[in-house]
Amino acid sequence: MTSTRRHLGRGDLAPLARAATGRSLTAVDRLRGGTKKGVYRLVLDDDTTAVAYVWSADEDYWDAGPSDPRDPFSAGTSLDVFTAAHDRLVHAGVRTPRLLYADTTRDAVVVEDMRGGSLEDALERDPAAGRAALQRFAAELATLHTQEGPAFGKVALVDNGGTSSSSSATGRVTEGALRDIEETAVRDERIAVVRDDLAETVRRLAAAVRPRARHTLIHGELGADHVLLDDQGRPALIDIEGLMYFDVEWEHVFLRIRFGPHYDALGVPDLDEDRMRLYRLAMHLSLVAGPLRLIEGDFPHPEGMRQIAESNLVRVLELVGR
């Protein structure tokens, strides 16, 4: 599919760079990886750098339209969602790239450039140094998860007195898993064959979960690629728009999937195993349905998304004994 999207160049971003730093922009590099916002490295006339995040229809490959802030899993595709998440992390003492400038007229921000690479790269490139960074990240994660909120939902909603549209965190995960089954069944015959068994399994696992009043601050999509290191090897969380108060088990299911053999440094005792079982299946279903939906559009790197969908589809089938 031919894309008609327009990404930004030096002329587009020069006013933003000037407003944020007081300096002239000499070069721009659009960084790969974003599906909901454009991420641009700004090279300034003194050879320093910063990073711009830009939210616009041209940068959002999901093409989902306006999102409902009452949904904890709604797309964080606005400056307001980002700044609320950034401010909450700063208040909690959790490192994230420093916000340098927010431009409401452009729906864009400029943040500190983290030049130490990602934790994912560090673990692959230098296991000893990567392990040290992983331990620092574990401490940041522990700080994050000591924070609680009065209700579940996106930080921007809850911290302003809002209420989520679902009845509970477990209820929202269950609703989403059942939708993902239906969406995926029309895209892959293997899921279509076990659709009823999957739906029954989701309902059975959900029924075993006991109510809970505690709502923990979580990132929501915390892989090693969403942790950047500064020049001293200190970790900082990025892609923070999904920050929400939720069940901490949702975070740990994702951490287990994304960190694999490195998860042992991040695991904690006393996780609710009933929630873990439900959330594990729901997470794998989400990681099938989402990528398959994304590559039906003009996302420029479909093969990686196809691989994510396939590996998680295999796990879904394993979890229902197929």
# chains A, B, ... in the order shown; residues from 1 in each chain; ligands from 1
>>> select_by_dssp(residues="stretch 82-258 of chain A", states="alpha helix (DSSP H)", output="PyMOL selection string")
chain A and resi 82-92+119-125+127-144+155-158+169-185+189-193+195-207+248-258
>>> residues_around(residues="A:Val209", least_positions_apart="5", cutoff="10 Å", atoms="only C-alpha atoms", output="ChimeraX atom specification")
/A:170-171,204,272-278
>>> closest_atom_pairs(of="stretch 68-115 of chain A", to="stretch 233-240 of chain A", cutoff="10 Å", atoms="only C-alpha atoms", output="Markdown table")
| residue | atom | partner | partner_atom | distance |
| --- | --- | --- | --- | --- |
| A:Gly76 | CA | A:Ile240 | CA | 8.6 |
| A:Val81 | CA | A:Ile240 | CA | 8.9 |
| A:Phe82 | CA | A:Ile240 | CA | 6.7 |
| A:Thr83 | CA | A:Ile240 | CA | 9.3 |
| A:Ala84 | CA | A:Ile240 | CA | 9.6 |
| A:Ala85 | CA | A:Ile240 | CA | 6.3 |
| A:His86 | CA | A:Ile240 | CA | 7.2 |
| A:Leu89 | CA | A:Ile240 | CA | 9.0 |
| A:Val94 | CA | A:Ala236 | CA | 7.6 |
| A:Arg95 | CA | A:Ala236 | CA | 4.7 |
| A:Thr96 | CA | A:Ala236 | CA | 4.4 |
| A:Pro97 | CA | A:Ala236 | CA | 6.3 |
| A:Arg98 | CA | A:Ala236 | CA | 9.5 |
| A:Met114 | CA | A:Ala236 | CA | 8.3 |
| A:Arg115 | CA | A:Gly233 | CA | 9.6 |
>>> residues_around(residues="A:Tyr101", least_positions_apart="6", cutoff="6 Å", atoms="only C-alpha atoms", output="PyMOL selection string")
chain A and resi 20+109-110
>>> write_last_selection(atoms="N, CA and C atoms", output="PDB file, in the first residue's frame")
ATOM      1  N   ALA A  20      12.161  25.921  21.824  1.00  0.00           N
ATOM      2  CA  ALA A  20      12.543  25.042  22.929  1.00  0.00           C
ATOM      3  C   ALA A  20      13.938  25.320  23.457  1.00  0.00           C
ATOM      4  N   VAL A 109       6.153  18.240  21.702  1.00  0.00           N
ATOM      5  CA  VAL A 109       7.034  18.565  22.823  1.00  0.00           C
ATOM      6  C   VAL A 109       8.475  18.343  22.391  1.00  0.00           C
ATOM      7  N   VAL A 110       9.391  18.951  23.121  1.00  0.00           N
ATOM      8  CA  VAL A 110      10.817  18.697  22.960  1.00  0.00           C
ATOM      9  C   VAL A 110      11.342  18.208  24.305  1.00  0.00           C
TER      10      VAL A 110
END
>>> atom_distance(atom1="atom CA of A:Val54", atom2="atom CA of A:Pro66")
15.9 Å
>>> decode(residues="stretch 152-194 of chain A", atoms="N, CA and C atoms", output="compact mmCIF listing (two decimals), in the first residue's frame")
# COMPACT_ATOMS: atom_id res chain seq x y z
N PHE A 152 -8.69 3.20 39.07
CA PHE A 152 -7.91 2.71 37.94
C PHE A 152 -8.21 3.55 36.71
N GLY A 153 -7.20 3.68 35.86
CA GLY A 153 -7.38 4.44 34.63
C GLY A 153 -6.14 5.24 34.30
N LYS A 154 -6.19 5.92 33.16
CA LYS A 154 -5.07 6.74 32.74
C LYS A 154 -4.80 7.85 33.76
N VAL A 155 -3.51 8.15 33.93
CA VAL A 155 -3.10 9.17 34.89
C VAL A 155 -3.78 10.51 34.59
N ALA A 156 -3.82 10.89 33.31
CA ALA A 156 -4.41 12.18 32.95
C ALA A 156 -5.88 12.25 33.35
N LEU A 157 -6.56 11.11 33.36
CA LEU A 157 -7.97 11.07 33.74
C LEU A 157 -8.12 11.05 35.26
N VAL A 158 -7.48 10.08 35.90
CA VAL A 158 -7.69 9.85 37.34
C VAL A 158 -7.18 11.02 38.17
N ASP A 159 -6.02 11.56 37.82
CA ASP A 159 -5.46 12.66 38.62
C ASP A 159 -6.26 13.95 38.49
N ASN A 160 -7.18 13.97 37.52
CA ASN A 160 -8.08 15.12 37.38
C ASN A 160 -9.50 14.79 37.82
N GLY A 161 -9.64 13.70 38.58
CA GLY A 161 -10.93 13.35 39.16
C GLY A 161 -11.85 12.57 38.26
N GLY A 162 -11.37 12.10 37.11
CA GLY A 162 -12.21 11.36 36.18
C GLY A 162 -12.39 9.91 36.56
N THR A 163 -13.33 9.26 35.87
CA THR A 163 -13.66 7.86 36.14
C THR A 163 -13.59 7.06 34.84
N SER A 164 -12.98 5.89 34.92
CA SER A 164 -12.86 5.03 33.73
C SER A 164 -14.21 4.48 33.31
N SER A 165 -14.29 4.10 32.04
CA SER A 165 -15.57 3.64 31.49
C SER A 165 -15.88 2.19 31.84
N SER A 166 -14.87 1.39 32.22
CA SER A 166 -15.11 0.00 32.61
C SER A 166 -15.31 -0.10 34.11
N SER A 167 -15.86 -1.22 34.54
CA SER A 167 -16.19 -1.38 35.96
C SER A 167 -14.97 -1.69 36.81
N SER A 168 -13.95 -2.30 36.23
CA SER A 168 -12.75 -2.68 36.96
C SER A 168 -11.63 -2.94 35.97
N ALA A 169 -10.41 -3.02 36.49
CA ALA A 169 -9.27 -3.35 35.63
C ALA A 169 -9.46 -4.73 35.01
N THR A 170 -9.85 -5.69 35.82
CA THR A 170 -10.07 -7.05 35.31
C THR A 170 -11.18 -7.06 34.27
N GLY A 171 -12.23 -6.30 34.52
CA GLY A 171 -13.33 -6.24 33.57
C GLY A 171 -12.87 -5.68 32.23
N ARG A 172 -12.03 -4.63 32.27
CA ARG A 172 -11.54 -4.05 31.01
C ARG A 172 -10.65 -5.03 30.26
N VAL A 173 -9.79 -5.75 30.96
CA VAL A 173 -8.93 -6.73 30.31
C VAL A 173 -9.77 -7.85 29.68
N THR A 174 -10.79 -8.29 30.39
CA THR A 174 -11.66 -9.36 29.88
C THR A 174 -12.40 -8.91 28.63
N GLU A 175 -12.98 -7.71 28.68
CA GLU A 175 -13.68 -7.17 27.50
C GLU A 175 -12.73 -7.09 26.30
N GLY A 176 -11.53 -6.60 26.54
CA GLY A 176 -10.57 -6.47 25.46
C GLY A 176 -10.15 -7.81 24.89
N ALA A 177 -9.95 -8.81 25.75
CA ALA A 177 -9.55 -10.13 25.28
C ALA A 177 -10.63 -10.75 24.41
N LEU A 178 -11.88 -10.61 24.81
CA LEU A 178 -12.98 -11.17 24.01
C LEU A 178 -13.08 -10.47 22.66
N ARG A 179 -12.87 -9.16 22.63
CA ARG A 179 -12.87 -8.44 21.35
C ARG A 179 -11.70 -8.89 20.47
N ASP A 180 -10.54 -9.07 21.10
CA ASP A 180 -9.37 -9.49 20.33
C ASP A 180 -9.58 -10.88 19.71
N ILE A 181 -10.26 -11.75 20.41
CA ILE A 181 -10.56 -13.07 19.85
C ILE A 181 -11.40 -12.93 18.59
N GLU A 182 -12.45 -12.11 18.67
CA GLU A 182 -13.33 -11.93 17.52
C GLU A 182 -12.59 -11.27 16.35
N GLU A 183 -11.78 -10.26 16.65
CA GLU A 183 -11.02 -9.59 15.59
C GLU A 183 -10.04 -10.53 14.91
N THR A 184 -9.36 -11.34 15.71
CA THR A 184 -8.32 -12.21 15.16
C THR A 184 -8.92 -13.39 14.42
N ALA A 185 -10.08 -13.84 14.85
CA ALA A 185 -10.71 -15.00 14.22
C ALA A 185 -11.03 -14.76 12.75
N VAL A 186 -11.27 -13.51 12.38
CA VAL A 186 -11.56 -13.21 10.97
C VAL A 186 -10.29 -12.98 10.17
N ARG A 187 -9.14 -12.96 10.85
CA ARG A 187 -7.87 -12.74 10.17
C ARG A 187 -6.97 -13.97 10.14
N ASP A 188 -7.24 -14.93 11.01
CA ASP A 188 -6.39 -16.12 11.07
C ASP A 188 -7.25 -17.34 11.40
N GLU A 189 -7.19 -18.33 10.52
CA GLU A 189 -8.03 -19.52 10.66
C GLU A 189 -7.71 -20.29 11.92
N ARG A 190 -6.47 -20.25 12.38
CA ARG A 190 -6.10 -21.01 13.58
C ARG A 190 -6.85 -20.51 14.82
N ILE A 191 -7.06 -19.21 14.90
CA ILE A 191 -7.85 -18.66 16.01
C ILE A 191 -9.33 -18.92 15.79
N ALA A 192 -9.77 -18.86 14.54
CA ALA A 192 -11.19 -19.12 14.26
C ALA A 192 -11.59 -20.51 14.72
N VAL A 193 -10.70 -21.48 14.56
CA VAL A 193 -11.01 -22.87 14.93
C VAL A 193 -11.23 -23.00 16.44
N VAL A 194 -10.49 -22.22 17.24
CA VAL A 194 -10.57 -22.36 18.70
C VAL A 194 -11.26 -21.16 19.34
